[in-house]
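Chemist: Dumping the structure here so I can ask a few things about it.
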Amino acid sequence: MIKQGISLLLFILTALTLSFGQRVPSQQPKLVVFILIDQLSTEQIVAFRDQLSDNGFNRLINGGAFFRNATYQSATNYYGAKLATLATGCNPSTHGIVSDWWYDYIRNKEVNALYGDIPNASDRSMSYPSTERLLTSTITDELKWINNGKSRVTAIGINPNYLVWNGGHTPDYLYQIDNNTGDFISINTVDTTQAVPEWVTDFNDMKLLDTYSNREWGPLKNLNQYHQMKYFREEREHASSFLYSLTKQAGDGAYLPVIHSPFGNKLIRDFTVSQIINENYGKGSVTDVIALQFTAKTVHGNPDGGFDAETQDMLLRLDLEIADILKTIDKEVGLENALITLSSVSTPTRPAVENTKGNVPTGIFSGQKAASLANLFLMAKYGQGKWVMTYNDGQIFLNHALIAERKIDLNKVKEEAASFISDMEGVAYAIPISELRFSASDIASLRSLKLNYHPDRSGDIAIKINPGWFEELPNGQKIARNWNGSYHPLIMYGWKINPQNVYQTTPMTHFAPTICSFLQIPFPNGCEGEPLPGLIY
């Protein structure tokens, strides 16, 4: 009897320990938070980890699943296309967002990916940002469908691209910081006005961005311990620190200096915490979603530097904001009931001069100049005319109407123009895009072009420049063209996630079906990925 009593007592104590010492996760996550950081790479996280706190990035990495080499496999450099892939589980060849704009031959005009065909009521020359051109459903679309619209979806950030593509086709709110007023505004995606909740008005009335703009920005920690000062000291020979004024500017974009400083991220943190508390996200009977955009790219210092002191300081301070958000979620919802994901869709570019220093083959290619030269080539062959309509994002659009008028075979013109461009310095491939439709090539660089091909939206010729080369844009900016897709960090944390480090290449098309599996909802209707195994216990 004594032994039985002891056994019963131990059983009760064990049950109480499990009840009060460990919080049991809900069947599905009650709250999903997508954190997206502009201009963040895995290499930055690894390089700066010893300077980060234990409660932000390191908490996510140590307690979550860290995919170090998650990849967007298509060729486009438009981050909106990558955001669409993240939300839909498919490549641009399926979801249709092949670039930031393309030439629509049926309507005989350029079409913007983000801005649809509904004119803005206050300015008829403008259109509303929307998912109108996104051809498939998203994670949040499927979540709202299966819960009969009861799941709430809110996106918060700086850039409309991050908000619209992650909000899906029927978001509840898309909150953007207004560059001119410093307030959070609700982006309209249709020709109606949506009143913001009272708490948003109260939040804006505090004018926090005015408070932040009166501050200065200097290093958070000892600058001599920053990566740039330890390894790239020659770039800062005459400076031992940095200090920037964040004062509001006159005219349009008055708050840009402070928005693109650590205090812009802080304001998003402030608003996110208010959103969770005031709207009781994660406390209902169905899953709610919040998508957040932060940035590691500053307008101060070197805007292209991934390891300069200002960028590192941005991330050290953002680390504290993430820690506060996690603390709020734990208090309000319970991290065991919340699924947190962190990733990026753009990464810093290593400047061409760095390749030159290391004797790595490099150079500058201009797509606009290539298009002009191709037009001259076709003029010499077929006579005067605008044979090339336009160029964008590695694609040349030919003048179909002129080619038909001159009774010339379109495929012949494509092949001749592609052959001409192939001989240009820095060009690895120039290929008629229509050939990609039937191509079974296993060459990785051609496969990335194929994943970005849509017959109704792609151009006529795809151009792939050599690895290490950069493309010069019309505004003078030089960007790196990804040879075989682009690689990014991806972290999943909370709910039932097993801690692990994954070094294998992980296609980002697997993200959406994985999240949908956790939520026990259908995959987006164009999904091409598969759920990642072994993530939950």
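Naming scheme: A, B, ... for chains in displayed order of the structure tokens; residues 1 onward per chain; ligands 1 onward as shown.
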Give me, as CSV, each residue of range 333-409 of chain A that comes within 12 Å of range 110-117 of chain A, together with its shortest interatomic pair and the distance in Å at one decimal, counting only C-alpha atoms, with rows ordered by chain and rising residue number.

Modeler:
```
residue,atom,partner,partner_atom,distance
A:Met389,CA,A:Glu110,CA,10.0
A:Thr390,CA,A:Glu110,CA,9.1
A:Tyr391,CA,A:Glu110,CA,10.8
A:Asn392,CA,A:Glu110,CA,10.6
A:Phe397,CA,A:Glu110,CA,10.5
```

Chemist: Residues of the last selection are to be written out with all heavy atoms, as a PDB file, in the first residue's frame.

Modeler:
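Result went into part.pdb, see below:
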```pdb
ATOM      1  N   MET A 389      11.596  46.992 -78.329  1.00  0.00           N
ATOM      2  CA  MET A 389      10.648  47.847 -77.610  1.00  0.00           C
ATOM      3  C   MET A 389      11.226  48.345 -76.295  1.00  0.00           C
ATOM      4  O   MET A 389      11.170  49.531 -75.990  1.00  0.00           O
ATOM      5  CB  MET A 389       9.346  47.085 -77.341  1.00  0.00           C
ATOM      6  CG  MET A 389       8.545  46.754 -78.584  1.00  0.00           C
ATOM      7  SD  MET A 389       7.988  48.226 -79.464  1.00  0.00           S
ATOM      8  CE  MET A 389       6.835  48.894 -78.284  1.00  0.00           C
ATOM      9  N   THR A 390      11.780  47.421 -75.506  1.00  0.00           N
ATOM     10  CA  THR A 390      12.287  47.806 -74.194  1.00  0.00           C
ATOM     11  C   THR A 390      13.139  46.680 -73.613  1.00  0.00           C
ATOM     12  O   THR A 390      13.185  45.569 -74.161  1.00  0.00           O
ATOM     13  CB  THR A 390      11.114  48.142 -73.234  1.00  0.00           C
ATOM     14  OG1 THR A 390      11.638  48.708 -72.034  1.00  0.00           O
ATOM     15  CG2 THR A 390      10.292  46.896 -72.900  1.00  0.00           C
ATOM     16  N   TYR A 391      13.791  46.974 -72.494  1.00  0.00           N
ATOM     17  CA  TYR A 391      14.600  45.994 -71.762  1.00  0.00           C
ATOM     18  C   TYR A 391      14.307  46.132 -70.278  1.00  0.00           C
ATOM     19  O   TYR A 391      14.159  47.246 -69.760  1.00  0.00           O
ATOM     20  CB  TYR A 391      16.100  46.230 -72.002  1.00  0.00           C
ATOM     21  CG  TYR A 391      16.980  45.459 -71.029  1.00  0.00           C
ATOM     22  CD1 TYR A 391      17.380  44.155 -71.322  1.00  0.00           C
ATOM     23  CD2 TYR A 391      17.371  46.019 -69.819  1.00  0.00           C
ATOM     24  CE1 TYR A 391      18.163  43.438 -70.419  1.00  0.00           C
ATOM     25  CE2 TYR A 391      18.140  45.305 -68.910  1.00  0.00           C
ATOM     26  CZ  TYR A 391      18.527  44.022 -69.222  1.00  0.00           C
ATOM     27  OH  TYR A 391      19.295  43.311 -68.321  1.00  0.00           O
ATOM     28  N   ASN A 392      14.247  44.999 -69.587  1.00  0.00           N
ATOM     29  CA  ASN A 392      14.084  45.039 -68.127  1.00  0.00           C
ATOM     30  C   ASN A 392      14.452  43.689 -67.523  1.00  0.00           C
ATOM     31  O   ASN A 392      14.074  42.643 -68.044  1.00  0.00           O
ATOM     32  CB  ASN A 392      12.645  45.381 -67.729  1.00  0.00           C
ATOM     33  CG  ASN A 392      12.474  45.490 -66.218  1.00  0.00           C
ATOM     34  OD1 ASN A 392      13.228  46.196 -65.553  1.00  0.00           O
ATOM     35  ND2 ASN A 392      11.499  44.792 -65.672  1.00  0.00           N
ATOM     36  N   PHE A 397      12.419  42.849 -74.955  1.00  0.00           N
ATOM     37  CA  PHE A 397      11.111  42.739 -75.607  1.00  0.00           C
ATOM     38  C   PHE A 397      11.228  43.319 -77.014  1.00  0.00           C
ATOM     39  O   PHE A 397      11.562  44.495 -77.177  1.00  0.00           O
ATOM     40  CB  PHE A 397      10.047  43.502 -74.815  1.00  0.00           C
ATOM     41  CG  PHE A 397       9.779  42.943 -73.442  1.00  0.00           C
ATOM     42  CD1 PHE A 397      10.634  43.222 -72.380  1.00  0.00           C
ATOM     43  CD2 PHE A 397       8.666  42.151 -73.207  1.00  0.00           C
ATOM     44  CE1 PHE A 397      10.389  42.718 -71.107  1.00  0.00           C
ATOM     45  CE2 PHE A 397       8.405  41.636 -71.941  1.00  0.00           C
ATOM     46  CZ  PHE A 397       9.269  41.920 -70.891  1.00  0.00           C
TER      47      PHE A 397
END
```

Chemist: Residues within 12 Å of Leu446 in chain A, please, as number ranges by chain. Count only C-alpha atoms; anything in the same chain fewer than 3 positions from it doesn't count.

Modeler: A: 73-75, 428-433, 435-443, 449-453, 462-465, 483-485

Chemist: Rank A:Ile187, A:Val286, A:Val164, A:Val502 by their smallest atom-to-atom distance to Gln520 in chain A, using only C-alpha atoms, and report the top residue only.

Modeler: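 Closest candidate: A:Val286.
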
Chemist: Just to confirm, what's the straight-line distance from CA of Pro262 in chain A to CA of Gly306 in chain A in Å (one decimal)?

Modeler: 15.3 Å

Chemist: Which is closer to Phe67 in chain A than all the others in A:Ile536, A:Asp270, A:Leu490, A:Arg481, using only C-alpha atoms?

Modeler: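 Under the stated criterion, the closest residue is A:Leu490.
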
Chemist: List the neighbours of range 141-157 of chain A out to 8 Å using only C-alpha atoms; skip same-chain residues closer than 2 positions along the sequence, and give me the result as a CSV table (one decimal) with C-alpha atoms, in the first residue's frame.

Modeler:
```csv
chain,number,residue,atom,x,y,z
A,137,SER,CA,-3.6,31.7,-54.1
A,138,THR,CA,-1.4,32.3,-51.1
A,139,ILE,CA,-0.9,30.8,-47.6
A,159,ASN,CA,7.7,49.1,-48.6
A,160,PRO,CA,4.3,48.3,-50.3
A,162,TYR,CA,6.5,43.5,-48.8
A,163,LEU,CA,3.0,44.3,-47.6
A,164,VAL,CA,0.9,43.4,-50.7
A,166,ASN,CA,2.5,38.8,-48.1
A,167,GLY,CA,-1.0,40.0,-47.4
A,168,GLY,CA,-2.5,37.8,-50.1
A,169,HIS,CA,-5.7,38.6,-52.1
A,170,THR,CA,-7.9,39.5,-49.1
A,171,PRO,CA,-5.8,41.0,-46.2
A,172,ASP,CA,-7.5,42.8,-43.3
A,173,TYR,CA,-4.9,45.6,-43.1
A,174,LEU,CA,-1.7,46.6,-44.8
A,175,TYR,CA,0.0,49.3,-42.6
A,176,GLN,CA,2.8,51.3,-44.2
A,177,ILE,CA,4.8,54.2,-42.6
A,268,ILE,CA,7.6,49.0,-36.6
A,272,THR,CA,3.6,45.5,-33.9
A,281,TYR,CA,-4.1,38.5,-32.2
A,286,VAL,CA,-8.6,30.3,-35.4
A,287,THR,CA,-5.0,31.2,-36.5
A,288,ASP,CA,-4.1,34.9,-37.1
A,289,VAL,CA,-1.2,36.1,-39.2
A,290,ILE,CA,1.1,39.1,-39.0
A,291,ALA,CA,3.7,39.8,-41.6
A,292,LEU,CA,6.5,42.3,-40.7
A,293,GLN,CA,9.0,44.0,-42.8
A,294,PHE,CA,12.2,45.3,-41.2
A,519,LEU,CA,-1.9,25.0,-40.1
A,521,ILE,CA,-5.0,23.9,-44.5
A,522,PRO,CA,-4.9,23.3,-48.3
A,523,PHE,CA,-1.7,24.2,-50.2
A,524,PRO,CA,-1.9,27.3,-52.4
```

Chemist: Compile a residue-level contact table for range 40-107 of chain A against range 201-223 of chain A at a cut-off of 12 Å, reporting for every qualifying residue the shortest atom pair and its distance in Å to one decimal, with only C-alpha atoms counted, rows ordered by chain and ascending number, as CSV.

Modeler:
```
residue,atom,partner,partner_atom,distance
A:Gln51,CA,A:Lys221,CA,8.7
A:Leu52,CA,A:Lys221,CA,10.5
A:Ser53,CA,A:Lys221,CA,11.9
```

Chemist: Restrict the selected residues to all heavy atoms and save them as a CSV table (one decimal), in the first residue's frame.

Modeler:
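After the write, part25.csv holds the following:
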```csv
chain,number,residue,atom,x,y,z
A,51,GLN,N,28.1,39.4,-31.3
A,51,GLN,CA,27.7,40.7,-30.8
A,51,GLN,C,26.2,40.8,-30.5
A,51,GLN,O,25.8,41.8,-29.9
A,51,GLN,CB,28.1,41.8,-31.9
A,51,GLN,CG,29.6,41.9,-32.1
A,51,GLN,CD,30.2,42.9,-31.1
A,51,GLN,OE1,29.7,44.0,-30.9
A,51,GLN,NE2,31.3,42.5,-30.6
A,52,LEU,N,25.5,39.8,-30.9
A,52,LEU,CA,24.0,39.8,-30.7
A,52,LEU,C,23.6,39.4,-29.3
A,52,LEU,O,24.4,38.6,-28.7
A,52,LEU,CB,23.3,39.0,-31.8
A,52,LEU,CG,23.6,39.4,-33.2
A,52,LEU,CD1,23.1,38.3,-34.2
A,52,LEU,CD2,22.9,40.7,-33.6
A,53,SER,N,22.5,39.8,-28.9
A,53,SER,CA,22.0,39.4,-27.6
A,53,SER,C,21.5,37.9,-27.6
A,53,SER,O,21.5,37.3,-28.7
A,53,SER,CB,20.8,40.3,-27.1
A,53,SER,OG,19.6,39.9,-27.9
```

Chemist: Nearest to Trp101 in chain A: which of A:Tyr382, A:Pro474, A:Gly459, A:Ala70 is it, counting only C-alpha atoms?

Modeler: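 Counting only C-alpha atoms, the residue closest to Trp101 in chain A is A:Gly459.
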
Chemist: Point out the residue among A:Glu425, A:Glu132, A:Asp308, A:Glu279 with the least atom-to-atom distance to Pro348 in chain A, counting only C-alpha atoms.

Modeler: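 Between A:Glu425, A:Glu132, A:Asp308, A:Glu279, the residue approaching Pro348 in chain A most closely is A:Asp308.
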
Chemist: Just to confirm, what's the straight-line distance from CA of Asn91 in chain A to CA of Asn411 in chain A in Å (one decimal)?

Modeler: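 These two atoms are separated by 25.8 Å.
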
Chemist: Near Asp393 in chain A, counting only C-alpha atoms, which residues have an atom at most 8 Å away, once you skip same-chain residues fewer than 6 positions from it, shown as a count of residues only?

Modeler: 4

Chemist: Let's see if you can do this: from backbone DSSP, list all strand (DSSP E or B) residues in range 80-134 of chain A, as a CSV table (one decimal) with N, CA and C atoms, in the first residue's frame.

Modeler:
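New file states.csv:
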```csv
chain,number,residue,atom,x,y,z
A,101,TRP,N,8.0,44.8,-63.8
A,101,TRP,CA,7.1,45.1,-64.9
A,101,TRP,C,7.5,44.4,-66.1
A,102,TRP,N,6.5,44.3,-67.0
A,102,TRP,CA,6.8,43.6,-68.3
A,102,TRP,C,5.9,44.3,-69.4
A,103,TYR,N,6.2,44.0,-70.6
A,103,TYR,CA,5.5,44.6,-71.8
A,103,TYR,C,4.3,43.7,-72.1
A,104,ASP,N,3.1,44.3,-72.1
A,104,ASP,CA,1.9,43.6,-72.4
A,104,ASP,C,1.6,43.8,-73.9
A,109,LYS,N,1.4,48.0,-74.0
A,109,LYS,CA,1.9,49.0,-73.0
A,109,LYS,C,2.6,48.2,-71.9
A,110,GLU,N,3.5,48.9,-71.2
A,110,GLU,CA,4.2,48.3,-70.1
A,110,GLU,C,3.2,48.2,-68.9
A,111,VAL,N,3.3,47.0,-68.2
A,111,VAL,CA,2.4,46.7,-67.1
A,111,VAL,C,3.3,46.5,-65.8
A,112,ASN,N,2.8,47.2,-64.7
A,112,ASN,CA,3.5,47.1,-63.5
A,112,ASN,C,3.0,45.9,-62.7
A,115,TYR,N,1.1,47.3,-59.3
A,115,TYR,CA,0.0,48.2,-59.4
A,115,TYR,C,-1.0,47.7,-60.5
A,116,GLY,N,-2.2,47.5,-60.1
A,116,GLY,CA,-3.2,46.8,-61.0
A,116,GLY,C,-3.8,47.8,-61.9
A,117,ASP,N,-5.0,47.5,-62.4
A,117,ASP,CA,-5.7,48.3,-63.4
A,117,ASP,C,-6.8,49.2,-62.8
A,118,ILE,N,-7.0,49.2,-61.5
A,118,ILE,CA,-8.0,50.1,-60.9
A,118,ILE,C,-7.4,51.4,-60.6
A,119,PRO,N,-7.9,52.5,-61.3
A,119,PRO,CA,-7.3,53.8,-61.1
A,119,PRO,C,-7.6,54.4,-59.7
A,127,SER,N,-2.5,53.9,-60.0
A,127,SER,CA,-3.4,52.8,-59.7
A,127,SER,C,-3.1,52.3,-58.3
A,128,TYR,N,-4.0,51.5,-57.8
A,128,TYR,CA,-3.8,51.0,-56.4
A,128,TYR,C,-2.8,49.8,-56.4
A,129,PRO,N,-2.0,49.6,-55.4
A,129,PRO,CA,-1.2,48.4,-55.3
A,129,PRO,C,-2.1,47.2,-55.0
```

Chemist: Could you give me, as a PyMOL selection string, the residues within 9 Å of Thr514 in chain A, counting only C-alpha atoms and dropping anything in the same chain fewer than 2 positions from it?

Modeler: chain A and resi 510-512+516-519+523+529-533
